[in-house]
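Colleague: The structure file target.txt (compact mmCIF, C-alpha atoms) is provided below.
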```
# COMPACT_ATOMS: atom_id res chain seq x y z
CA MET A 166 -2.06 -1.05 17.89
CA ASP A 167 -5.41 0.37 16.71
CA LEU A 168 -5.04 1.22 13.04
CA ALA A 169 -7.27 3.91 11.58
CA PHE A 170 -9.32 2.97 8.55
CA ASP A 171 -12.32 4.06 6.54
CA ARG A 172 -14.95 1.47 5.67
CA LEU A 173 -16.95 1.24 2.46
CA ASP A 174 -19.80 -1.26 2.60
CA GLY A 175 -21.47 -3.08 -0.23
CA ALA A 176 -25.22 -3.53 0.00
CA ARG A 177 -24.95 -6.85 1.93
CA PRO A 178 -21.48 -7.06 3.48
CA ARG A 179 -20.46 -10.38 5.01
CA GLN A 180 -16.70 -10.43 4.34
CA ALA A 181 -13.96 -7.82 4.14
CA ILE A 182 -11.22 -6.77 1.76
CA ALA A 183 -8.42 -4.51 3.04
CA PHE A 184 -6.68 -1.95 0.82
CA LEU A 185 -3.15 -0.97 1.88
CA PRO A 186 -1.43 2.11 0.38
CA GLY A 187 2.19 2.73 -0.51
CA ILE A 188 4.74 4.48 1.68
CA LEU A 189 3.81 8.08 2.66
CA GLY A 190 0.25 7.30 1.52
CA ARG A 191 -3.12 6.87 3.19
CA GLY A 192 -5.89 4.34 2.81
CA ILE A 193 -8.06 6.85 0.99
CA ASN A 194 -5.54 6.80 -1.89
CA LEU A 195 -7.24 3.55 -2.93
CA ARG A 196 -10.79 4.75 -2.34
CA MET A 197 -11.96 4.83 -5.95
CA ILE A 198 -10.91 1.28 -6.80
CA ALA A 199 -12.33 0.04 -3.47
CA LYS A 200 -15.63 1.83 -4.08
CA ARG A 201 -15.97 0.26 -7.51
CA PHE A 202 -15.14 -3.15 -6.08
CA VAL A 203 -17.88 -3.14 -3.42
CA GLU A 204 -20.38 -1.74 -5.91
CA ALA A 205 -19.70 -4.77 -8.10
CA ARG A 206 -19.45 -7.15 -5.13
CA PRO A 207 -22.22 -6.08 -2.69
CA GLU A 208 -21.35 -8.93 -0.28
CA TRP A 209 -18.09 -7.20 0.60
CA ALA A 210 -16.91 -4.36 2.84
CA ALA A 211 -13.68 -2.53 1.98
CA TRP A 212 -11.27 -1.27 4.64
CA LEU A 213 -9.11 1.65 3.53
CA VAL A 214 -6.28 1.24 6.02
CA ASP A 215 -3.79 3.82 7.27
CA LEU A 216 -0.72 1.71 8.00
CA ARG A 217 1.37 2.35 11.12
CA GLY A 218 3.11 5.71 10.95
CA HIS A 219 0.65 7.01 8.35
CA GLY A 220 -2.58 9.01 8.22
CA ARG A 221 -4.60 8.79 11.43
CA SER A 222 -2.85 5.65 12.71
CA PRO A 223 -0.32 5.80 15.58
CA LYS A 224 3.08 7.28 14.73
CA GLY A 225 6.53 6.98 16.24
CA THR A 226 5.87 3.35 17.10
CA PRO A 227 8.62 0.91 18.13
CA SER A 228 9.87 -1.75 15.70
CA PRO A 229 8.90 -0.04 12.43
CA THR A 230 9.21 -3.07 10.14
CA ILE A 231 7.22 -4.81 7.42
CA GLU A 232 6.53 -7.66 9.84
CA ALA A 233 5.21 -5.29 12.51
CA ALA A 234 2.98 -3.56 9.94
CA ALA A 235 1.66 -6.97 8.86
CA GLN A 236 0.96 -7.95 12.45
CA ASP A 237 -1.08 -4.74 12.75
CA ILE A 238 -3.31 -6.06 9.94
CA VAL A 239 -3.66 -9.39 11.72
CA ASN A 240 -4.68 -7.57 14.90
CA LEU A 241 -7.15 -5.39 12.99
CA ALA A 242 -8.76 -8.51 11.51
CA ALA A 243 -8.97 -10.16 14.94
CA ARG A 244 -11.08 -7.27 16.27
CA ALA A 245 -13.34 -6.95 13.23
CA GLU A 246 -16.90 -8.18 12.96
CA LEU A 247 -16.38 -9.42 9.39
CA PRO A 248 -13.80 -12.03 8.32
CA LEU A 249 -10.91 -10.62 6.31
CA HIS A 250 -10.90 -12.62 3.09
CA ALA A 251 -8.66 -10.50 0.83
CA ILE A 252 -5.88 -7.91 1.02
CA VAL A 253 -4.90 -5.57 -1.81
CA GLY A 254 -1.65 -3.65 -1.41
CA HIS A 255 0.10 -1.12 -3.60
CA SER A 256 3.91 -0.83 -3.51
CA PHE A 257 4.90 -0.77 0.20
CA GLY A 258 1.41 -1.98 1.07
CA GLY A 259 1.86 -4.92 -1.28
CA LYS A 260 4.79 -6.24 0.70
CA VAL A 261 2.87 -5.74 3.95
CA ALA A 262 0.08 -7.83 2.40
CA LEU A 263 2.51 -10.61 1.45
CA GLU A 264 4.02 -10.57 4.94
CA ALA A 265 0.55 -10.81 6.49
CA ALA A 266 -0.15 -13.87 4.33
CA GLY A 267 3.21 -15.40 5.22
CA LEU A 268 2.52 -15.15 8.95
CA GLY A 269 -0.10 -17.87 8.48
CA ILE A 270 -2.37 -16.46 11.19
CA LEU A 271 -5.26 -15.12 9.07
CA LYS A 272 -7.20 -18.32 8.56
CA SER A 273 -9.98 -16.52 6.67
CA LEU A 274 -7.57 -15.02 4.13
CA GLY A 275 -8.09 -16.30 0.61
CA HIS A 276 -6.45 -13.73 -1.67
CA VAL A 277 -3.56 -11.28 -1.67
CA VAL A 278 -3.25 -8.84 -4.59
CA VAL A 279 0.11 -7.09 -4.92
CA ILE A 280 0.05 -3.99 -7.14
CA ASP A 281 3.47 -3.28 -8.68
CA SER A 282 5.63 -4.35 -5.75
CA SER A 283 8.43 -6.84 -6.35
CA PRO A 284 8.55 -9.43 -3.55
CA GLY A 285 12.34 -9.57 -3.43
CA SER A 286 15.04 -7.58 -1.71
CA MET A 287 16.93 -4.86 -3.60
CA ASP A 288 19.07 -1.80 -3.08
CA ALA A 289 17.02 1.20 -2.01
CA PRO A 290 16.92 3.69 -4.90
CA ARG A 291 18.14 7.23 -4.43
CA GLY A 292 17.51 10.44 -6.31
CA GLY A 293 14.55 11.68 -8.33
CA GLU A 294 11.34 11.15 -6.41
CA SER A 295 12.41 8.00 -4.59
CA PRO A 296 10.97 7.71 -1.06
CA LEU A 297 14.35 8.27 0.61
CA ASP A 298 14.99 11.36 -1.49
CA VAL A 299 11.53 12.70 -0.63
CA ILE A 300 12.22 12.15 3.07
CA ASP A 301 15.56 13.96 2.79
CA THR A 302 13.88 16.88 1.03
CA ILE A 303 11.14 17.22 3.65
CA GLU A 304 13.77 17.11 6.41
CA SER A 305 15.62 19.98 4.71
CA LEU A 306 12.54 22.22 4.99
CA PRO A 307 11.31 24.14 8.04
CA ARG A 308 9.29 22.16 10.57
CA GLU A 309 6.32 24.54 10.26
CA PHE A 310 4.60 26.18 7.30
CA ALA A 311 2.24 29.11 7.08
CA SER A 312 -0.25 27.12 5.01
CA LYS A 313 -0.72 24.10 2.76
CA SER A 314 0.14 26.21 -0.26
CA ASP A 315 3.37 27.34 1.45
CA PHE A 316 4.39 23.69 1.97
CA ILE A 317 3.61 22.87 -1.69
CA ARG A 318 5.53 25.93 -2.91
CA ARG A 319 8.62 25.02 -0.88
CA LEU A 320 8.62 21.42 -2.13
CA ILE A 321 8.35 22.58 -5.74
CA ALA A 322 11.21 25.03 -5.13
CA ALA A 323 13.24 22.06 -3.82
CA GLY A 324 12.78 20.30 -7.16
CA LYS A 325 9.69 18.14 -6.61
CA THR A 326 6.73 18.02 -8.97
CA ARG A 327 3.49 19.75 -8.12
CA THR A 328 1.66 16.42 -8.30
CA LEU A 329 3.96 14.91 -5.66
CA ALA A 330 3.87 18.04 -3.51
CA GLU A 331 0.07 18.15 -3.51
CA TRP A 332 -0.11 14.46 -2.65
CA LEU A 333 2.31 14.85 0.25
CA ALA A 334 0.29 17.81 1.50
CA GLY A 335 -2.37 15.26 2.47
CA SER A 336 -0.18 14.44 5.50
CA LEU A 337 -0.12 18.00 6.83
CA GLU A 338 -1.61 18.68 10.25
CA ARG A 339 -2.84 22.05 11.49
CA GLU A 340 -1.49 23.49 14.73
CA ASN A 341 -2.90 26.88 15.74
CA ASP A 342 -1.93 29.30 12.95
CA HIS A 343 0.41 26.98 11.02
CA VAL A 344 0.67 23.50 9.55
CA ARG A 345 3.36 20.85 9.87
CA PHE A 346 4.16 17.57 8.14
CA GLY A 347 2.53 15.05 10.44
CA LEU A 348 4.64 11.91 9.89
CA ASP A 349 7.64 10.71 11.89
CA LEU A 350 10.26 10.70 9.14
CA ASN A 351 12.64 8.46 11.09
CA GLU A 352 9.87 5.87 11.34
CA ILE A 353 9.04 6.21 7.63
CA ARG A 354 12.73 5.84 6.71
CA ALA A 355 13.02 2.65 8.79
CA LEU A 356 9.90 1.21 7.15
CA ILE A 357 11.08 1.91 3.61
CA LEU A 358 14.56 0.51 4.29
CA ASP A 359 13.00 -2.68 5.65
CA TYR A 360 10.73 -2.80 2.59
CA PHE A 361 13.72 -2.93 0.27
CA ALA A 362 15.65 -5.36 2.50
CA ARG A 363 12.86 -7.90 3.00
CA ASP A 364 12.77 -10.93 0.68
CA LEU A 365 9.25 -12.33 0.39
CA TRP A 366 9.71 -14.50 -2.70
CA PRO A 367 9.30 -17.60 -0.47
CA VAL A 368 5.74 -16.46 0.35
CA VAL A 369 4.96 -16.25 -3.37
CA GLU A 370 6.68 -19.53 -4.23
CA HIS A 371 5.04 -21.43 -1.36
CA PRO A 372 1.73 -19.71 -0.43
CA THR A 373 0.55 -20.45 3.08
CA GLY A 374 -2.51 -22.66 3.31
CA GLY A 375 -5.13 -21.84 0.71
CA VAL A 376 -4.03 -18.24 0.08
CA ASN A 377 -3.91 -17.23 -3.58
CA ILE A 378 -1.26 -14.67 -4.55
CA HIS A 379 -1.93 -12.30 -7.47
CA LEU A 380 0.95 -10.16 -8.76
CA LEU A 381 -0.06 -7.17 -10.91
CA ILE A 382 2.98 -5.70 -12.68
CA ALA A 383 2.95 -2.31 -14.42
CA ASP A 384 4.63 -2.50 -17.81
CA ARG A 385 6.01 1.06 -17.59
CA SER A 386 7.40 0.74 -14.06
CA ASP A 387 10.88 -0.30 -12.96
CA SER A 388 9.66 -1.86 -9.71
CA TYR A 389 10.37 -5.30 -11.19
CA SER A 390 13.70 -6.00 -12.82
CA PRO A 391 13.54 -8.13 -15.99
CA ALA A 392 14.76 -11.08 -13.91
CA ASP A 393 12.08 -10.48 -11.27
CA ARG A 394 9.37 -10.30 -13.91
CA GLU A 395 10.52 -13.59 -15.44
CA ARG A 396 10.60 -15.18 -12.00
CA ALA A 397 7.03 -14.05 -11.27
CA LEU A 398 5.76 -15.40 -14.61
CA ARG A 399 7.61 -18.69 -14.08
CA ILE A 400 6.11 -19.18 -10.60
CA ALA A 401 2.60 -18.49 -11.91
CA ALA A 402 3.07 -21.01 -14.71
CA SER A 403 3.92 -23.77 -12.23
CA ASN A 404 1.71 -22.94 -9.23
CA SER A 405 -2.08 -22.78 -9.46
CA GLN A 406 -2.23 -20.55 -6.34
CA VAL A 407 -0.23 -17.78 -8.05
CA THR A 408 -1.15 -15.50 -10.93
CA THR A 409 1.01 -12.87 -12.62
CA ASP A 410 -0.40 -10.19 -14.93
CA VAL A 411 1.55 -7.47 -16.74
CA LEU A 412 -0.79 -4.52 -17.29
CA PRO A 413 -0.36 -1.23 -19.18
CA GLY A 414 0.52 1.62 -16.84
CA GLY A 415 3.09 3.12 -14.53
CA HIS A 416 3.84 2.43 -10.87
CA TRP A 417 0.53 4.02 -9.82
CA LEU A 418 -1.22 1.30 -11.79
CA HIS A 419 -4.57 1.61 -10.02
CA VAL A 420 -4.63 5.29 -11.06
CA ASP A 421 -3.22 4.86 -14.58
CA ASN A 422 -5.31 1.82 -15.47
CA PRO A 423 -8.12 1.40 -12.92
CA ASP A 424 -10.37 -0.59 -15.26
CA SER A 425 -7.77 -3.32 -15.76
CA VAL A 426 -6.88 -3.48 -12.05
CA LEU A 427 -10.56 -3.68 -11.07
CA GLY A 428 -11.13 -6.33 -13.72
CA LYS A 429 -8.40 -8.50 -12.23
CA LEU A 430 -9.76 -8.03 -8.70
CA LEU A 431 -13.21 -9.12 -9.83
CA ASP A 432 -11.80 -12.04 -11.84
CA TYR A 433 -9.79 -13.44 -8.97
CA ILE A 434 -11.67 -12.52 -5.80
CA LYS A 435 -14.98 -14.28 -5.38
CA ASN A 436 -17.15 -14.76 -2.32
CA ALA A 437 -15.74 -16.89 0.48
```
Can you present the structure in this file as structure tokens?

Modeller:
Amino acid sequence: MDLAFDRLDGARPRQAIAFLPGILGRGINLRMIAKRFVEARPEWAAWLVDLRGHGRSPKGTPSPTIEAAAQDIVNLAARAELPLHAIVGHSFGGKVALEAAGLGILKSLGHVVVIDSSPGSMDAPRGGESPLDVIDTIESLPREFASKSDFIRRLIAAGKTRTLAEWLAGSLERENDHVRFGLDLNEIRALILDYFARDLWPVVEHPTGGVNIHLLIADRSDSYSPADRERALRIAASNSQVTTDVLPGGHWLHVDNPDSVLGKLLDYIKNA
């Protein structure tokens, strides 16, 4: 599968870092933090990746799983002119990054940074603005909308926040005189269910080869249970290839606290 991605180059790129967004997101959601990273590290190029089923990447693909999404990253790296040395993933993208490391195929990979995504399995949350609830809400709406503002208005009327509605509107596609939500919701549902079912603690506890795992936990997010947070801190204390940092902010940590997230990226990720 040919994934779509935008590339941001430092002044002298010779290695790559991939940024993977959360579910229903696009690579450009991480553009600001990636831009700041390559400005500070001119030897790097940043790939802002649209994962399978998202953005400009293929949709309605078979086998919509975390493992398949990780294999897509492996295939992207195999075709690239620069070696992929680091992967940064937020939420859903964080687990894809861990899975890619666990496959053991990316020999150039040195670092995986997981932004507020617990490695373990858990029950999929329902209600509020959980991904499954968002999918159900979109499915309850018409398939076509007169305009972007019409889509946003209908989502707000269905109980969603304007911030969420405007963010989701980034996945609208124009067709003649109307727009439609461009993602395959059955595919997205399968991906998010596999995200919650997949247990990747073994990848964190026993990193493959020389890969370093960096867990960034938001202190105002419930992505990690208290037990999960303790487990992450305990692993980091006993394994030099693993770090765990609890940073001020909510689930969208790279938006709430970009300076701290960037600082950790620069602290941990050096030149290959």

Colleague: Hey, what's within 10 Å of region 199-206 of chain A if we count all atoms listed in the file and toss same-chain stuff fewer than 4 positions away? As a list in words, please?

Modeller: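 Once the nearby chain positions are removed, what remains is Arg172, Leu173, Asp174, Gly175, Ala176, Arg177, Pro178, Ala181, Ile182, Ala183, Phe184, Gly192, Ile193, Asn194, Leu195, Ala210, Ala211, Trp212, Leu213, Val253, Pro423, Asp424, Leu427, Gly428, Leu430, Leu431, Ile434, Lys435 and Asn436 of chain A.
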
Colleague: Which one is closest to Ile321 (chain A): A:Glu294, A:Glu246, A:Ser386, A:Gly335? Count all atoms listed in the file.

Modeller: A:Glu294

Colleague: Have a look at CA of Ser256 (chain A) and CA of Ser282 (chain A) and let me know their distance in Å, one decimal.

Modeller: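 Result for CA of Ser256 (chain A) versus CA of Ser282 (chain A): 4.5 Å, one decimal.
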
Colleague: Go through A:Asp342, A:Glu352, A:Leu381, A:Ala242 and flag the residue nearest Lys224 (chain A), using all atoms listed in the file for the distances.

Modeller: A:Glu352

Colleague: I need the residue nearest Ile280 (chain A) from this list: A:Ala383, A:Leu268, A:Leu358, A:Ala397. Use all atoms listed in the file for the distance.

Modeller: A:Ala383

Colleague: Interatomic distance between CA of Tyr389 (chain A) and CA of Ala334 (chain A)?

Modeller: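 Pair CA of Tyr389 (chain A) / CA of Ala334 (chain A) returns 28.2 Å.
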
Colleague: At what distance in Å, to one decimal, does CA of Asp432 (chain A) lie from CA of Gly375 (chain A)?

Modeller: 17.3 Å

Colleague: Return the single residue from A:Arg399, A:His419, A:Arg244, A:Lys272 that is closest to Pro186 (chain A), with distances computed using all atoms listed in the file.

Modeller: A:His419

Colleague: Using all atoms listed in the file, can you tell me which of A:Ser314, A:Asn240, A:Asn377, A:Asn404 comes closest to Trp332 (chain A)?

Modeller: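 Using all atoms listed in the file, the shortest distance to Trp332 (chain A) belongs to A:Ser314.
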
Colleague: Nearest to Thr373 (chain A) among A:Leu306, A:Gly292, A:Gln406, A:Ala245, with distances taken over all atoms listed in the file: which residue is it?

Modeller: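 So, comparing all the options, the nearest one is A:Gln406.
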
Colleague: Kindly provide, as JSON, the centre and edge lengths (Å, one decimal) of an axis-aligned box around all atoms of region 405-416 of chain A given in the file, with 5 Å on each side.

Modeller:
```
{"center_x": 0.8, "center_y": -9.8, "center_z": -12.8, "size_x": 16.1, "size_y": 35.9, "size_z": 22.8}
```

Colleague: Please determine the residues with any atom at most 10 Å from (2.7, 12.9, 10.7) (coordinates as given in the file, with only C-alpha atoms counting) and report them as number ranges by chain.

Modeller: A: 189, 218-225, 335-338, 345-350, 353

Colleague: Go ahead and write the selection's residues with C-alpha atoms as a PDB file, in the coordinates of the input.

Modeller:
```
ATOM      1  CA  LEU A 189       3.810   8.080   2.660  1.00  0.00           C
ATOM      2  CA  GLY A 218       3.110   5.710  10.950  1.00  0.00           C
ATOM      3  CA  HIS A 219       0.650   7.010   8.350  1.00  0.00           C
ATOM      4  CA  GLY A 220      -2.580   9.010   8.220  1.00  0.00           C
ATOM      5  CA  ARG A 221      -4.600   8.790  11.430  1.00  0.00           C
ATOM      6  CA  SER A 222      -2.850   5.650  12.710  1.00  0.00           C
ATOM      7  CA  PRO A 223      -0.320   5.800  15.580  1.00  0.00           C
ATOM      8  CA  LYS A 224       3.080   7.280  14.730  1.00  0.00           C
ATOM      9  CA  GLY A 225       6.530   6.980  16.240  1.00  0.00           C
ATOM     10  CA  GLY A 335      -2.370  15.260   2.470  1.00  0.00           C
ATOM     11  CA  SER A 336      -0.180  14.440   5.500  1.00  0.00           C
ATOM     12  CA  LEU A 337      -0.120  18.000   6.830  1.00  0.00           C
ATOM     13  CA  GLU A 338      -1.610  18.680  10.250  1.00  0.00           C
ATOM     14  CA  ARG A 345       3.360  20.850   9.870  1.00  0.00           C
ATOM     15  CA  PHE A 346       4.160  17.570   8.140  1.00  0.00           C
ATOM     16  CA  GLY A 347       2.530  15.050  10.440  1.00  0.00           C
ATOM     17  CA  LEU A 348       4.640  11.910   9.890  1.00  0.00           C
ATOM     18  CA  ASP A 349       7.640  10.710  11.890  1.00  0.00           C
ATOM     19  CA  LEU A 350      10.260  10.700   9.140  1.00  0.00           C
ATOM     20  CA  ILE A 353       9.040   6.210   7.630  1.00  0.00           C
TER      21      ILE A 353
END
```

Colleague: For Ser273 (chain A), work out the shell of residues within 9 Å, counting all atoms listed in the file and skipping chain neighbours fewer than 4 positions away, then give it as a PDB file with C-alpha atoms, in the frame of the given file.

Modeller:
```
ATOM      1  CA  PRO A 248     -13.800 -12.030   8.320  1.00  0.00           C
ATOM      2  CA  LEU A 249     -10.910 -10.620   6.310  1.00  0.00           C
ATOM      3  CA  HIS A 250     -10.900 -12.620   3.090  1.00  0.00           C
ATOM      4  CA  ALA A 251      -8.660 -10.500   0.830  1.00  0.00           C
ATOM      5  CA  ALA A 437     -15.740 -16.890   0.480  1.00  0.00           C
TER       6      ALA A 437
END
```

Colleague: Please identify all polymer residues within 9 Å of Ile357 (chain A), counting all atoms listed in the file, omitting same-chain residues fewer than 6 positions from it, and present them as a PyMOL selection string.

Modeller: chain A and resi 188+230-231+257+289+296-297

Colleague: Could those selected residues go to a file with C-alpha atoms, as an mmCIF file, in the coordinates of the input?

Modeller:
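This went into selection.cif:
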```cif
data_model
loop_
_atom_site.group_PDB
_atom_site.id
_atom_site.type_symbol
_atom_site.label_atom_id
_atom_site.label_comp_id
_atom_site.auth_asym_id
_atom_site.auth_seq_id
_atom_site.Cartn_x
_atom_site.Cartn_y
_atom_site.Cartn_z
ATOM 1 C CA ILE A 188 4.740 4.480 1.680
ATOM 2 C CA THR A 230 9.210 -3.070 10.140
ATOM 3 C CA ILE A 231 7.220 -4.810 7.420
ATOM 4 C CA PHE A 257 4.900 -0.770 0.200
ATOM 5 C CA ALA A 289 17.020 1.200 -2.010
ATOM 6 C CA PRO A 296 10.970 7.710 -1.060
ATOM 7 C CA LEU A 297 14.350 8.270 0.610
#
```

Colleague: Find the residues near region 360-371 of chain A: any atom within 7 Å, counting all atoms listed in the file, skip ones fewer than 5 places away on the same chain, and give them as a ChimeraX atom specification.

Modeller: /A:231,257,263,267,284-289,378,400

Colleague: For region 399-416 of chain A, write N, CA, C and O atoms out as a compact mmCIF listing (two decimals), in the first residue's frame.

Modeller:
```txt
# COMPACT_ATOMS: atom_id res chain seq x y z
N ARG A 399 7.67 1.67 36.30
CA ARG A 399 8.47 0.55 36.81
C ARG A 399 9.36 -0.02 35.70
O ARG A 399 10.54 -0.33 35.94
N ILE A 400 8.82 -0.16 34.50
CA ILE A 400 9.62 -0.68 33.38
C ILE A 400 10.79 0.26 33.09
O ILE A 400 11.93 -0.17 32.91
N ALA A 401 10.51 1.57 33.07
CA ALA A 401 11.56 2.54 32.77
C ALA A 401 12.67 2.52 33.83
O ALA A 401 13.84 2.73 33.51
N ALA A 402 12.28 2.26 35.06
CA ALA A 402 13.27 2.23 36.14
C ALA A 402 14.21 1.04 36.04
O ALA A 402 15.32 1.07 36.59
N SER A 403 13.77 -0.01 35.34
CA SER A 403 14.57 -1.24 35.29
C SER A 403 15.14 -1.54 33.91
O SER A 403 15.87 -2.53 33.76
N ASN A 404 14.82 -0.72 32.91
CA ASN A 404 15.27 -1.00 31.54
C ASN A 404 15.80 0.28 30.92
O ASN A 404 15.06 1.25 30.73
N SER A 405 17.08 0.29 30.59
CA SER A 405 17.72 1.50 30.07
C SER A 405 17.23 1.88 28.67
O SER A 405 17.47 3.00 28.21
N GLN A 406 16.51 0.97 27.99
CA GLN A 406 15.98 1.28 26.66
C GLN A 406 14.60 1.92 26.71
O GLN A 406 14.04 2.26 25.67
N VAL A 407 14.06 2.10 27.92
CA VAL A 407 12.70 2.63 28.07
C VAL A 407 12.73 3.85 28.97
O VAL A 407 13.39 3.85 30.01
N THR A 408 12.03 4.90 28.55
CA THR A 408 11.83 6.07 29.39
C THR A 408 10.33 6.32 29.53
O THR A 408 9.56 6.02 28.61
N THR A 409 9.94 6.86 30.66
CA THR A 409 8.54 7.23 30.90
C THR A 409 8.53 8.62 31.51
O THR A 409 9.21 8.88 32.51
N ASP A 410 7.78 9.53 30.91
CA ASP A 410 7.66 10.90 31.40
C ASP A 410 6.19 11.25 31.54
O ASP A 410 5.41 11.03 30.60
N VAL A 411 5.81 11.80 32.67
CA VAL A 411 4.46 12.31 32.89
C VAL A 411 4.53 13.83 32.75
O VAL A 411 5.22 14.50 33.51
N LEU A 412 3.82 14.35 31.76
CA LEU A 412 3.90 15.77 31.41
C LEU A 412 2.56 16.46 31.63
O LEU A 412 1.50 15.84 31.45
N PRO A 413 2.57 17.75 31.98
CA PRO A 413 1.31 18.48 32.15
C PRO A 413 0.56 18.60 30.83
O PRO A 413 1.14 18.97 29.80
N GLY A 414 -0.72 18.26 30.85
CA GLY A 414 -1.53 18.41 29.64
C GLY A 414 -2.60 17.34 29.55
O GLY A 414 -2.63 16.39 30.34
N GLY A 415 -3.47 17.51 28.57
CA GLY A 415 -4.51 16.54 28.30
C GLY A 415 -4.08 15.56 27.23
O GLY A 415 -2.91 15.50 26.84
N HIS A 416 -5.04 14.78 26.72
CA HIS A 416 -4.74 13.73 25.75
C HIS A 416 -4.03 14.29 24.51
O HIS A 416 -3.13 13.64 23.97
```
